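Next up, coords.pdb (PDB, C-alpha atoms, pLDDT in the B column):
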ATOM      1  CA  MET A   1     -80.234  31.906 -86.371  1.00 42.00           C
ATOM      2  CA  ALA A   2     -77.882  30.691 -89.108  1.00 44.00           C
ATOM      3  CA  MET A   3     -79.327  29.603 -92.415  1.00 49.00           C
ATOM      4  CA  SER A   4     -78.712  25.967 -93.461  1.00 46.00           C
ATOM      5  CA  LEU A   5     -78.444  24.516 -96.972  1.00 45.00           C
ATOM      6  CA  CYS A   6     -81.882  23.007 -96.720  1.00 49.00           C
ATOM      7  CA  ASP A   7     -83.512  26.364 -96.090  1.00 56.00           C
ATOM      8  CA  ASP A   8     -85.505  27.224 -99.194  1.00 67.00           C
ATOM      9  CA  THR A   9     -85.792  30.974 -98.624  1.00 83.00           C
ATOM     10  CA  LEU A  10     -83.112  33.619 -99.021  1.00 91.00           C
ATOM     11  CA  LEU A  11     -83.142  37.041 -97.403  1.00 93.00           C
ATOM     12  CA  CYS A  12     -82.728  40.408 -99.044  1.00 94.00           C
ATOM     13  CA  ASN A  13     -79.121  41.568 -98.678  1.00 93.00           C
ATOM     14  CA  MET A  14     -80.194  45.189 -98.177  1.00 91.00           C
ATOM     15  CA  PRO A  15     -79.152  45.951 -94.558  1.00 86.00           C
ATOM     16  CA  LYS A  16     -82.312  47.901 -93.837  1.00 89.00           C
ATOM     17  CA  CYS A  17     -84.620  45.330 -95.443  1.00 91.00           C
ATOM     18  CA  ARG A  18     -83.700  41.740 -94.487  1.00 90.00           C
ATOM     19  CA  THR A  19     -87.056  40.365 -95.697  1.00 92.00           C
ATOM     20  CA  LYS A  20     -87.650  36.886 -97.092  1.00 93.00           C
ATOM     21  CA  LEU A  21     -87.540  36.755-100.873  1.00 93.00           C
ATOM     22  CA  SER A  22     -90.575  35.674-102.860  1.00 91.00           C
ATOM     23  CA  GLY A  23     -91.773  36.072-106.440  1.00 92.00           C
ATOM     24  CA  PHE A  24     -88.893  37.822-108.203  1.00 95.00           C
ATOM     25  CA  ALA A  25     -85.406  38.731-106.964  1.00 95.00           C
ATOM     26  CA  TRP A  26     -82.397  40.592-108.296  1.00 95.00           C
ATOM     27  CA  VAL A  27     -79.096  38.678-108.283  1.00 95.00           C
ATOM     28  CA  THR A  28     -75.665  40.143-108.991  1.00 95.00           C
ATOM     29  CA  ALA A  29     -72.354  38.798-110.244  1.00 93.00           C
ATOM     30  CA  CYS A  30     -70.883  39.518-106.782  1.00 93.00           C
ATOM     31  CA  SER A  31     -73.202  36.847-105.328  1.00 92.00           C
ATOM     32  CA  HIS A  32     -75.732  39.143-103.667  1.00 95.00           C
ATOM     33  CA  VAL A  33     -79.484  39.018-103.931  1.00 96.00           C
ATOM     34  CA  PHE A  34     -82.119  41.704-103.325  1.00 96.00           C
ATOM     35  CA  CYS A  35     -85.862  41.820-103.180  1.00 95.00           C
ATOM     36  CA  ASP A  36     -87.749  43.043-106.233  1.00 94.00           C
ATOM     37  CA  GLN A  37     -88.597  46.388-104.607  1.00 93.00           C
ATOM     38  CA  HIS A  38     -85.066  47.433-103.624  1.00 92.00           C
ATOM     39  CA  GLY A  39     -83.469  45.834-106.723  1.00 92.00           C
ATOM     40  CA  SER A  40     -85.724  47.794-109.040  1.00 91.00           C
ATOM     41  CA  GLY A  41     -84.893  51.004-107.254  1.00 90.00           C
ATOM     42  CA  GLU A  42     -81.136  50.491-106.891  1.00 89.00           C
ATOM     43  CA  PHE A  43     -80.358  49.044-110.331  1.00 90.00           C
ATOM     44  CA  SER A  44     -82.409  51.501-112.331  1.00 86.00           C
ATOM     45  CA  ARG A  45     -79.573  54.036-112.092  1.00 84.00           C
ATOM     46  CA  SER A  46     -76.449  53.985-114.197  1.00 82.00           C
ATOM     47  CA  PRO A  47     -73.790  52.988-113.401  1.00 84.00           C
ATOM     48  CA  ALA A  48     -75.236  50.311-111.158  1.00 89.00           C
ATOM     49  CA  ILE A  49     -73.555  49.783-107.785  1.00 92.00           C
ATOM     50  CA  CYS A  50     -74.148  46.825-105.499  1.00 93.00           C
ATOM     51  CA  PRO A  51     -75.787  48.099-102.287  1.00 91.00           C
ATOM     52  CA  ALA A  52     -74.130  45.304-100.248  1.00 90.00           C
ATOM     53  CA  CYS A  53     -70.448  45.475-101.312  1.00 90.00           C
ATOM     54  CA  SER A  54     -70.361  48.651-103.465  1.00 90.00           C
ATOM     55  CA  SER A  55     -69.025  46.697-106.484  1.00 91.00           C
ATOM     56  CA  ALA A  56     -69.508  48.211-109.938  1.00 91.00           C
ATOM     57  CA  LEU A  57     -71.954  46.172-112.032  1.00 91.00           C
ATOM     58  CA  SER A  58     -71.296  47.355-115.573  1.00 87.00           C
ATOM     59  CA  GLY A  59     -71.530  44.022-117.433  1.00 87.00           C
ATOM     60  CA  LYS A  60     -74.585  42.995-119.422  1.00 87.00           C
ATOM     61  CA  LEU A  61     -75.136  39.903-117.282  1.00 90.00           C
ATOM     62  CA  ASP A  62     -73.854  41.312-113.959  1.00 92.00           C
ATOM     63  CA  ILE A  63     -77.445  41.943-112.871  1.00 93.00           C
ATOM     64  CA  MET A  64     -80.357  39.651-113.562  1.00 93.00           C
ATOM     65  CA  ARG A  65     -83.974  39.582-112.428  1.00 94.00           C
ATOM     66  CA  MET A  66     -84.823  35.972-111.595  1.00 93.00           C
ATOM     67  CA  GLU A  67     -88.102  34.214-110.962  1.00 93.00           C
ATOM     68  CA  LEU A  68     -87.749  32.319-107.708  1.00 91.00           C
ATOM     69  CA  SER A  69     -90.559  29.867-108.427  1.00 91.00           C
ATOM     70  CA  PRO A  70     -90.287  29.082-112.180  1.00 92.00           C
ATOM     71  CA  SER A  71     -92.890  27.043-113.975  1.00 93.00           C
ATOM     72  CA  GLU A  72     -92.448  23.413-114.928  1.00 94.00           C
ATOM     73  CA  GLU A  73     -92.124  24.335-118.619  1.00 93.00           C
ATOM     74  CA  TYR A  74     -89.226  26.684-117.779  1.00 92.00           C
ATOM     75  CA  LYS A  75     -87.493  24.008-115.739  1.00 91.00           C
ATOM     76  CA  ALA A  76     -87.855  21.536-118.624  1.00 92.00           C
ATOM     77  CA  MET A  77     -86.385  23.871-121.209  1.00 93.00           C
ATOM     78  CA  VAL A  78     -83.814  26.092-119.466  1.00 91.00           C
ATOM     79  CA  LEU A  79     -80.992  23.495-119.549  1.00 93.00           C
ATOM     80  CA  ALA A  80     -82.223  21.379-122.379  1.00 93.00           C
ATOM     81  CA  GLY A  81     -79.625  20.620-125.113  1.00 94.00           C
ATOM     82  CA  LEU A  82     -76.639  21.477-122.908  1.00 94.00           C
ATOM     83  CA  ARG A  83     -73.814  19.033-122.362  1.00 95.00           C
ATOM     84  CA  PRO A  84     -73.700  17.391-118.959  1.00 95.00           C
ATOM     85  CA  ASP A  85     -70.499  19.188-118.004  1.00 96.00           C
ATOM     86  CA  VAL A  86     -72.155  22.509-118.811  1.00 96.00           C
ATOM     87  CA  VAL A  87     -75.211  21.541-116.788  1.00 95.00           C
ATOM     88  CA  LEU A  88     -72.978  20.504-113.876  1.00 96.00           C
ATOM     89  CA  ASP A  89     -70.961  23.703-114.136  1.00 96.00           C
ATOM     90  CA  ILE A  90     -74.139  25.781-114.080  1.00 95.00           C
ATOM     91  CA  SER A  91     -75.455  23.766-111.155  1.00 95.00           C
ATOM     92  CA  ALA A  92     -72.138  24.131-109.283  1.00 96.00           C
ATOM     93  CA  ARG A  93     -72.170  27.883-109.758  1.00 95.00           C
ATOM     94  CA  ALA A  94     -75.761  28.032-108.540  1.00 94.00           C
ATOM     95  CA  MET A  95     -74.882  25.925-105.496  1.00 94.00           C
ATOM     96  CA  ALA A  96     -71.859  28.150-104.784  1.00 95.00           C
ATOM     97  CA  PHE A  97     -74.162  31.209-104.866  1.00 95.00           C
ATOM     98  CA  TRP A  98     -76.498  29.510-102.395  1.00 94.00           C
ATOM     99  CA  SER A  99     -73.644  28.425-100.123  1.00 94.00           C
ATOM    100  CA  TYR A 100     -72.252  31.960-100.121  1.00 94.00           C
ATOM    101  CA  GLN A 101     -75.628  33.350 -99.089  1.00 93.00           C
ATOM    102  CA  VAL A 102     -75.864  30.803 -96.293  1.00 92.00           C
ATOM    103  CA  HIS A 103     -72.326  31.645 -95.128  1.00 93.00           C
ATOM    104  CA  GLN A 104     -73.024  35.384 -95.281  1.00 90.00           C
ATOM    105  CA  GLU A 105     -76.189  34.931 -93.292  1.00 90.00           C
ATOM    106  CA  ARG A 106     -74.350  32.871 -90.684  1.00 92.00           C
ATOM    107  CA  MET A 107     -71.605  35.543 -90.435  1.00 92.00           C
ATOM    108  CA  TYR A 108     -74.230  38.239 -90.141  1.00 89.00           C
ATOM    109  CA  GLN A 109     -76.056  36.365 -87.378  1.00 90.00           C
ATOM    110  CA  GLU A 110     -72.797  35.769 -85.492  1.00 95.00           C
ATOM    111  CA  TYR A 111     -71.907  39.441 -85.831  1.00 93.00           C
ATOM    112  CA  SER A 112     -75.341  40.444 -84.556  1.00 92.00           C
ATOM    113  CA  LEU A 113     -74.974  38.008 -81.670  1.00 95.00           C
ATOM    114  CA  SER A 114     -71.543  39.373 -80.729  1.00 96.00           C
ATOM    115  CA  GLN A 115     -72.898  42.916 -80.856  1.00 95.00           C
ATOM    116  CA  ALA A 116     -75.817  41.925 -78.649  1.00 96.00           C
ATOM    117  CA  GLU A 117     -73.512  40.178 -76.190  1.00 96.00           C
ATOM    118  CA  ALA A 118     -71.180  43.189 -76.059  1.00 96.00           C
ATOM    119  CA  GLN A 119     -74.147  45.453 -75.509  1.00 95.00           C
ATOM    120  CA  LEU A 120     -75.459  43.111 -72.828  1.00 96.00           C
ATOM    121  CA  LYS A 121     -72.089  43.089 -71.043  1.00 96.00           C
ATOM    122  CA  GLN A 122     -71.964  46.868 -71.217  1.00 96.00           C
ATOM    123  CA  MET A 123     -75.467  47.105 -69.804  1.00 96.00           C
ATOM    124  CA  GLU A 124     -74.576  44.624 -67.045  1.00 96.00           C
ATOM    125  CA  LYS A 125     -71.508  46.685 -66.191  1.00 95.00           C
ATOM    126  CA  VAL A 126     -73.549  49.867 -66.069  1.00 95.00           C
ATOM    127  CA  LEU A 127     -76.202  48.095 -64.015  1.00 95.00           C
ATOM    128  CA  THR A 128     -73.556  46.823 -61.588  1.00 94.00           C
ATOM    129  CA  GLN A 129     -72.102  50.314 -61.204  1.00 94.00           C
ATOM    130  CA  GLN A 130     -75.563  51.749 -60.667  1.00 94.00           C
ATOM    131  CA  ASN A 131     -76.338  49.070 -58.083  1.00 95.00           C
ATOM    132  CA  GLN A 132     -73.096  49.819 -56.240  1.00 94.00           C
ATOM    133  CA  SER A 133     -73.846  53.524 -56.340  1.00 94.00           C
ATOM    134  CA  ARG A 134     -77.369  52.891 -55.054  1.00 94.00           C
ATOM    135  CA  GLU A 135     -75.987  50.681 -52.293  1.00 94.00           C
ATOM    136  CA  LEU A 136     -73.597  53.440 -51.214  1.00 94.00           C
ATOM    137  CA  GLU A 137     -76.396  55.983 -51.274  1.00 94.00           C
ATOM    138  CA  LEU A 138     -78.641  53.597 -49.359  1.00 94.00           C
ATOM    139  CA  SER A 139     -75.937  53.033 -46.739  1.00 94.00           C
ATOM    140  CA  ALA A 140     -75.407  56.788 -46.408  1.00 94.00           C
ATOM    141  CA  MET A 141     -79.160  57.324 -46.058  1.00 95.00           C
ATOM    142  CA  ARG A 142     -79.372  54.587 -43.428  1.00 94.00           C
ATOM    143  CA  GLY A 143     -76.580  56.265 -41.476  1.00 94.00           C
ATOM    144  CA  GLU A 144     -78.322  59.612 -41.789  1.00 94.00           C
ATOM    145  CA  ILE A 145     -81.588  58.075 -40.615  1.00 95.00           C
ATOM    146  CA  ALA A 146     -79.830  56.563 -37.587  1.00 95.00           C
ATOM    147  CA  SER A 147     -78.250  59.945 -36.804  1.00 95.00           C
ATOM    148  CA  LEU A 148     -81.593  61.707 -37.152  1.00 95.00           C
ATOM    149  CA  LYS A 149     -83.183  59.135 -34.853  1.00 95.00           C
ATOM    150  CA  LYS A 150     -80.542  59.887 -32.226  1.00 95.00           C
ATOM    151  CA  VAL A 151     -81.187  63.624 -32.596  1.00 95.00           C
ATOM    152  CA  MET A 152     -84.935  63.024 -32.341  1.00 95.00           C
ATOM    153  CA  ASP A 153     -84.481  60.922 -29.195  1.00 95.00           C
ATOM    154  CA  GLU A 154     -82.350  63.708 -27.697  1.00 95.00           C
ATOM    155  CA  TYR A 155     -85.026  66.276 -28.522  1.00 95.00           C
ATOM    156  CA  LYS A 156     -87.662  64.015 -26.996  1.00 95.00           C
ATOM    157  CA  ARG A 157     -85.616  63.749 -23.819  1.00 95.00           C
ATOM    158  CA  LYS A 158     -85.134  67.506 -23.660  1.00 95.00           C
ATOM    159  CA  TYR A 159     -88.832  68.024 -24.339  1.00 95.00           C
ATOM    160  CA  SER A 160     -89.716  65.658 -21.496  1.00 94.00           C
ATOM    161  CA  GLU A 161     -87.367  67.501 -19.135  1.00 95.00           C
ATOM    162  CA  MET A 162     -88.761  70.871 -20.152  1.00 95.00           C
ATOM    163  CA  SER A 163     -92.309  69.575 -19.690  1.00 95.00           C
ATOM    164  CA  GLU A 164     -91.474  68.412 -16.181  1.00 95.00           C
ATOM    165  CA  ARG A 165     -89.861  71.765 -15.394  1.00 94.00           C
ATOM    166  CA  LEU A 166     -92.860  73.592 -16.762  1.00 96.00           C
ATOM    167  CA  MET A 167     -95.231  71.518 -14.633  1.00 95.00           C
ATOM    168  CA  GLU A 168     -93.085  72.215 -11.556  1.00 95.00           C
ATOM    169  CA  ARG A 169     -93.084  75.957 -12.330  1.00 95.00           C
ATOM    170  CA  ASN A 170     -96.857  75.852 -12.761  1.00 95.00           C
ATOM    171  CA  ARG A 171     -97.231  74.180  -9.390  1.00 94.00           C
ATOM    172  CA  GLN A 172     -94.983  76.817  -7.794  1.00 95.00           C
ATOM    173  CA  TYR A 173     -96.943  79.545  -9.512  1.00 95.00           C
ATOM    174  CA  GLN A 174    -100.238  78.166  -8.259  1.00 95.00           C
ATOM    175  CA  LYS A 175     -98.807  77.996  -4.735  1.00 94.00           C
ATOM    176  CA  LEU A 176     -97.514  81.587  -4.891  1.00 95.00           C
ATOM    177  CA  GLN A 177    -100.811  82.729  -6.338  1.00 94.00           C
ATOM    178  CA  GLY A 178    -102.652  81.168  -3.407  1.00 93.00           C
ATOM    179  CA  LEU A 179    -100.302  82.859  -0.926  1.00 94.00           C
ATOM    180  CA  TYR A 180    -100.732  86.183  -2.684  1.00 93.00           C
ATOM    181  CA  ASP A 181    -104.526  85.932  -2.616  1.00 92.00           C
ATOM    182  CA  SER A 182    -104.431  85.030   1.104  1.00 92.00           C
ATOM    183  CA  LEU A 183    -102.205  88.006   1.970  1.00 93.00           C
ATOM    184  CA  ARG A 184    -104.316  90.387  -0.082  1.00 91.00           C
ATOM    185  CA  LEU A 185    -107.491  89.195   1.655  1.00 91.00           C
ATOM    186  CA  ARG A 186    -105.804  89.602   5.073  1.00 90.00           C
ATOM    187  CA  ASN A 187    -104.718  93.177   4.224  1.00 90.00           C
ATOM    188  CA  MET A 188    -108.247  94.012   3.109  1.00 88.00           C
ATOM    189  CA  VAL A 189    -109.651  92.748   6.428  1.00 86.00           C
ATOM    190  CA  VAL A 190    -107.075  94.792   8.429  1.00 82.00           C
ATOM    191  CA  GLY A 191    -107.923  97.933   6.437  1.00 76.00           C
ATOM    192  CA  VAL A 192    -111.638  97.575   7.175  1.00 74.00           C
ATOM    193  CA  GLY A 193    -110.874  97.142  10.905  1.00 70.00           C
ATOM    194  CA  ASP A 194    -108.771 100.333  10.974  1.00 67.00           C
ATOM    195  CA  ARG A 195    -111.610 102.370   9.469  1.00 67.00           C
ATOM    196  CA  ASP A 196    -114.051 101.041  12.079  1.00 63.00           C
ATOM    197  CA  THR A 197    -111.782 102.089  15.022  1.00 63.00           C
ATOM    198  CA  LEU A 198    -111.398 105.759  14.010  1.00 56.00           C
ATOM    199  CA  PRO A 199    -112.363 108.277  16.919  1.00 59.00           C
ATOM    200  CA  GLN A 200    -115.760 110.018  16.748  1.00 55.00           C
ATOM    201  CA  PRO A 201    -116.017 113.912  16.865  1.00 54.00           C
ATOM    202  CA  HIS A 202    -116.684 115.426  20.407  1.00 50.00           C
ATOM    203  CA  ARG A 203    -117.253 118.873  21.934  1.00 49.00           C
ATOM    204  CA  SER A 204    -114.578 121.087  23.478  1.00 47.00           C
ATOM    205  CA  PHE A 205    -114.529 121.699  27.225  1.00 46.00           C
ATOM    206  CA  ASN A 206    -114.219 125.469  26.743  1.00 49.00           C
ATOM    207  CA  THR A 207    -116.598 126.571  24.047  1.00 49.00           C
ATOM    208  CA  GLY A 208    -118.888 123.622  23.646  1.00 48.00           C
ATOM    209  CA  ALA A 209    -118.404 123.737  19.838  1.00 49.00           C
ATOM    210  CA  PRO A 210    -117.830 120.396  18.170  1.00 49.00           C
ATOM    211  CA  GLN A 211    -114.295 119.798  17.053  1.00 52.00           C
ATOM    212  CA  GLN A 212    -113.141 117.252  14.575  1.00 50.00           C
ATOM    213  CA  ALA A 213    -110.701 114.863  16.148  1.00 47.00           C
ATOM    214  CA  THR A 214    -107.417 114.477  14.412  1.00 50.00           C
ATOM    215  CA  PRO A 215    -107.446 111.054  12.794  1.00 49.00           C
ATOM    216  CA  ARG A 216    -104.711 108.776  13.825  1.00 48.00           C
ATOM    217  CA  ARG A 217    -102.660 107.296  11.113  1.00 47.00           C
ATOM    218  CA  SER A 218    -102.306 103.595  10.859  1.00 45.00           C
ATOM    219  CA  PRO A 219     -99.037 102.320  12.247  1.00 45.00           C
ATOM    220  CA  GLN A 220     -96.387 101.743   9.677  1.00 45.00           C
ATOM    221  CA  PHE A 221     -95.063  98.224   9.226  1.00 41.00           C
ATOM    222  CA  LEU A 222     -91.330  97.896   9.334  1.00 40.00           C
ATOM    223  CA  SER A 223     -89.386  95.087   7.783  1.00 43.00           C
ATOM    224  CA  VAL A 224     -87.223  92.988  10.033  1.00 42.00           C
ATOM    225  CA  GLY A 225     -83.563  93.764   9.394  1.00 45.00           C
ATOM    226  CA  HIS A 226     -80.527  91.497   9.483  1.00 44.00           C
ATOM    227  CA  ASP A 227     -79.625  92.731  13.046  1.00 45.00           C
ATOM    228  CA  GLY A 228     -82.784  91.243  14.521  1.00 42.00           C
ATOM    229  CA  ASP A 229     -84.772  94.514  14.859  1.00 43.00           C
ATOM    230  CA  SER A 230     -88.345  93.369  15.434  1.00 40.00           C
ATOM    231  CA  ARG A 231     -90.162  96.741  15.808  1.00 43.00           C
ATOM    232  CA  LEU A 232     -93.566  96.582  14.202  1.00 38.00           C
ATOM    233  CA  PHE A 233     -94.806 100.181  14.483  1.00 38.00           C
ATOM    234  CA  SER A 234     -93.336 103.627  14.192  1.00 42.00           C
ATOM    235  CA  GLY A 235     -93.911 106.435  16.736  1.00 43.00           C
ATOM    236  CA  LEU A 236     -96.960 108.627  16.752  1.00 41.00           C
ATOM    237  CA  GLU A 237     -97.077 111.823  14.741  1.00 44.00           C
ATOM    238  CA  ALA A 238     -96.116 115.072  16.541  1.00 45.00           C
ATOM    239  CA  ASP A 239     -99.565 116.684  16.202  1.00 47.00           C
ATOM    240  CA  GLY A 240    -101.288 113.572  17.423  1.00 46.00           C
ATOM    241  CA  ALA A 241     -99.055 113.408  20.480  1.00 44.00           C
ATOM    242  CA  GLN A 242     -99.761 117.060  21.458  1.00 46.00           C
ATOM    243  CA  THR A 243    -103.491 116.534  21.100  1.00 45.00           C
ATOM    244  CA  PHE A 244    -103.340 113.384  23.186  1.00 43.00           C
ATOM    245  CA  PHE A 245    -101.476 115.088  26.078  1.00 44.00           C
ATOM    246  CA  GLN A 246    -103.684 118.201  25.815  1.00 47.00           C
ATOM    247  CA  TYR A 247    -106.899 116.288  26.484  1.00 44.00           C
ATOM    248  CA  SER A 248    -105.474 113.893  29.053  1.00 44.00           C
ATOM    249  CA  SER A 249    -103.772 116.337  31.586  1.00 47.00           C
ATOM    250  CA  PRO A 250    -106.050 116.972  34.707  1.00 51.00           C
ATOM    251  CA  ALA A 251    -103.819 119.741  36.170  1.00 49.00           C
ATOM    252  CA  ARG A 252    -104.133 121.777  33.026  1.00 50.00           C
ATOM    253  CA  GLU A 253    -107.901 121.414  33.013  1.00 51.00           C
ATOM    254  CA  ARG A 254    -108.125 122.656  36.656  1.00 50.00           C
ATOM    255  CA  GLY A 255    -106.012 125.711  35.865  1.00 50.00           C
ATOM    256  CA  ARG A 256    -108.299 126.702  33.031  1.00 51.00           C
ATOM    257  CA  THR A 257    -111.368 126.481  35.359  1.00 49.00           C
ATOM    258  CA  LEU A 258    -109.839 128.755  38.043  1.00 49.00           C
ATOM    259  CA  ARG A 259    -108.912 131.400  35.504  1.00 52.00           C
ATOM    260  CA  HIS A 260    -112.460 131.521  34.198  1.00 49.00           C
TER     261      HIS A 260
END
Starting from the file, lay out its structure as structure tokens.
Amino acid sequence: MAMSLCDDTLLCNMPKCRTKLSGFAWVTACSHVFCDQHGSGEFSRSPAICPACSSALSGKLDIMRMELSPSEEYKAMVLAGLRPDVVLDISARAMAFWSYQVHQERMYQEYSLSQAEAQLKQMEKVLTQQNQSRELELSAMRGEIASLKKVMDEYKRKYSEMSERLMERNRQYQKLQGLYDSLRLRNMVVGVGDRDTLPQPHRSFNTGAPQQATPRRSPQFLSVGHDGDSRLFSGLEADGAQTFFQYSSPARERGRTLRH
């Protein structure tokens, strides 16, 4: 905010201070003013240099410590006895100092405002670039999400197909398992029947001694070939055939009886 002529408070011209002046202040011939703290510190060295404009202040009256709120007695006596033109000249110089401070403050505020606006524009530009970059990234992520959804849908479809295939294979397996159990049970029943039909031992016609009958082997199953061969059993064993014809020939039995 710019300072107007009616403002009754000046600010310290030290860039790092900028506090309102009160009590005592240090004024310079180069029309700058400083608070009592910084003025006492800066102007205690020799040669004195203005902290605001770096001007050399070597004159006896180039630096003065002024009371900002003088007493009524001081006001009554400070210009007493001076000619009116001298009083007006002093007043004009004092008003020029005040006007310069107001102008400097206005220039400083305008400079600060321009710096803030430039910084704001720079930040807006950076923000716009960041927003555009985020929009591009967001668009890319949306595209990637859509692609991943398609891949997921494809995997779901394949999973559904594989599940159906697996269920079909399980049904086929259960069916084959039932057939296998049925065939195994049938083979077990046939094996028990073959053991029950084996011939019992009997005595010989000649000596009367018991002889063990030669067990007959179970017929061998043959697979049906491509030429339509449907034989189910193989021939009897050679020893079994001789035994069978030996005990079933009546002429041979009569010959043995005549010889004895």
Can you translate the PyMOL selection byres ((chain A and resi 59) around 12) into the concrete residues it hits in this file, as a count of residues only? 16
Atomic separation - atom CA of Phe24 of chain A relative to atom CA of Ser69 of chain A, Å: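 About the pair atom CA of Ser69 of chain A and atom CA of Phe24 of chain A: they are 8.1 Å apart.
From atom CA of Met123 of chain A back to atom CA of Ser139 of chain A, the distance works out to 23.8 Å.
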Identify all residues satisfying the PyMOL selection byres ((chain A and resi 18) around 12) in the given file; provide them as number ranges by chain. A: 9-17, 19-21, 33-35, 38, 52, 105, 108-109
Can you work out the spacing between atom CA of Met66 of chain A and atom CA of Phe43 of chain A in Å, to one decimal? 13.9 Å
Would you list the contacts of Gln104 of chain A as an NGL selection string, taking every protein, DNA or RNA residue within 10 Å and counting all atoms listed in the file, but skipping same-chain residues closer than 3 positions in sequence? :A and (2-3 or 13 or 32 or 98-101 or 107-110)
Residues as selected, C-alpha atoms, written as a PDB file, in the frame of the given file, can you do that?
ATOM      1  CA  ALA A   2     -77.882  30.691 -89.108  1.00 44.00           C
ATOM      2  CA  MET A   3     -79.327  29.603 -92.415  1.00 49.00           C
ATOM      3  CA  ASN A  13     -79.121  41.568 -98.678  1.00 93.00           C
ATOM      4  CA  HIS A  32     -75.732  39.143-103.667  1.00 95.00           C
ATOM      5  CA  TRP A  98     -76.498  29.510-102.395  1.00 94.00           C
ATOM      6  CA  SER A  99     -73.644  28.425-100.123  1.00 94.00           C
ATOM      7  CA  TYR A 100     -72.252  31.960-100.121  1.00 94.00           C
ATOM      8  CA  GLN A 101     -75.628  33.350 -99.089  1.00 93.00           C
ATOM      9  CA  MET A 107     -71.605  35.543 -90.435  1.00 92.00           C
ATOM     10  CA  TYR A 108     -74.230  38.239 -90.141  1.00 89.00           C
ATOM     11  CA  GLN A 109     -76.056  36.365 -87.378  1.00 90.00           C
ATOM     12  CA  GLU A 110     -72.797  35.769 -85.492  1.00 95.00           C
TER      13      GLU A 110
END
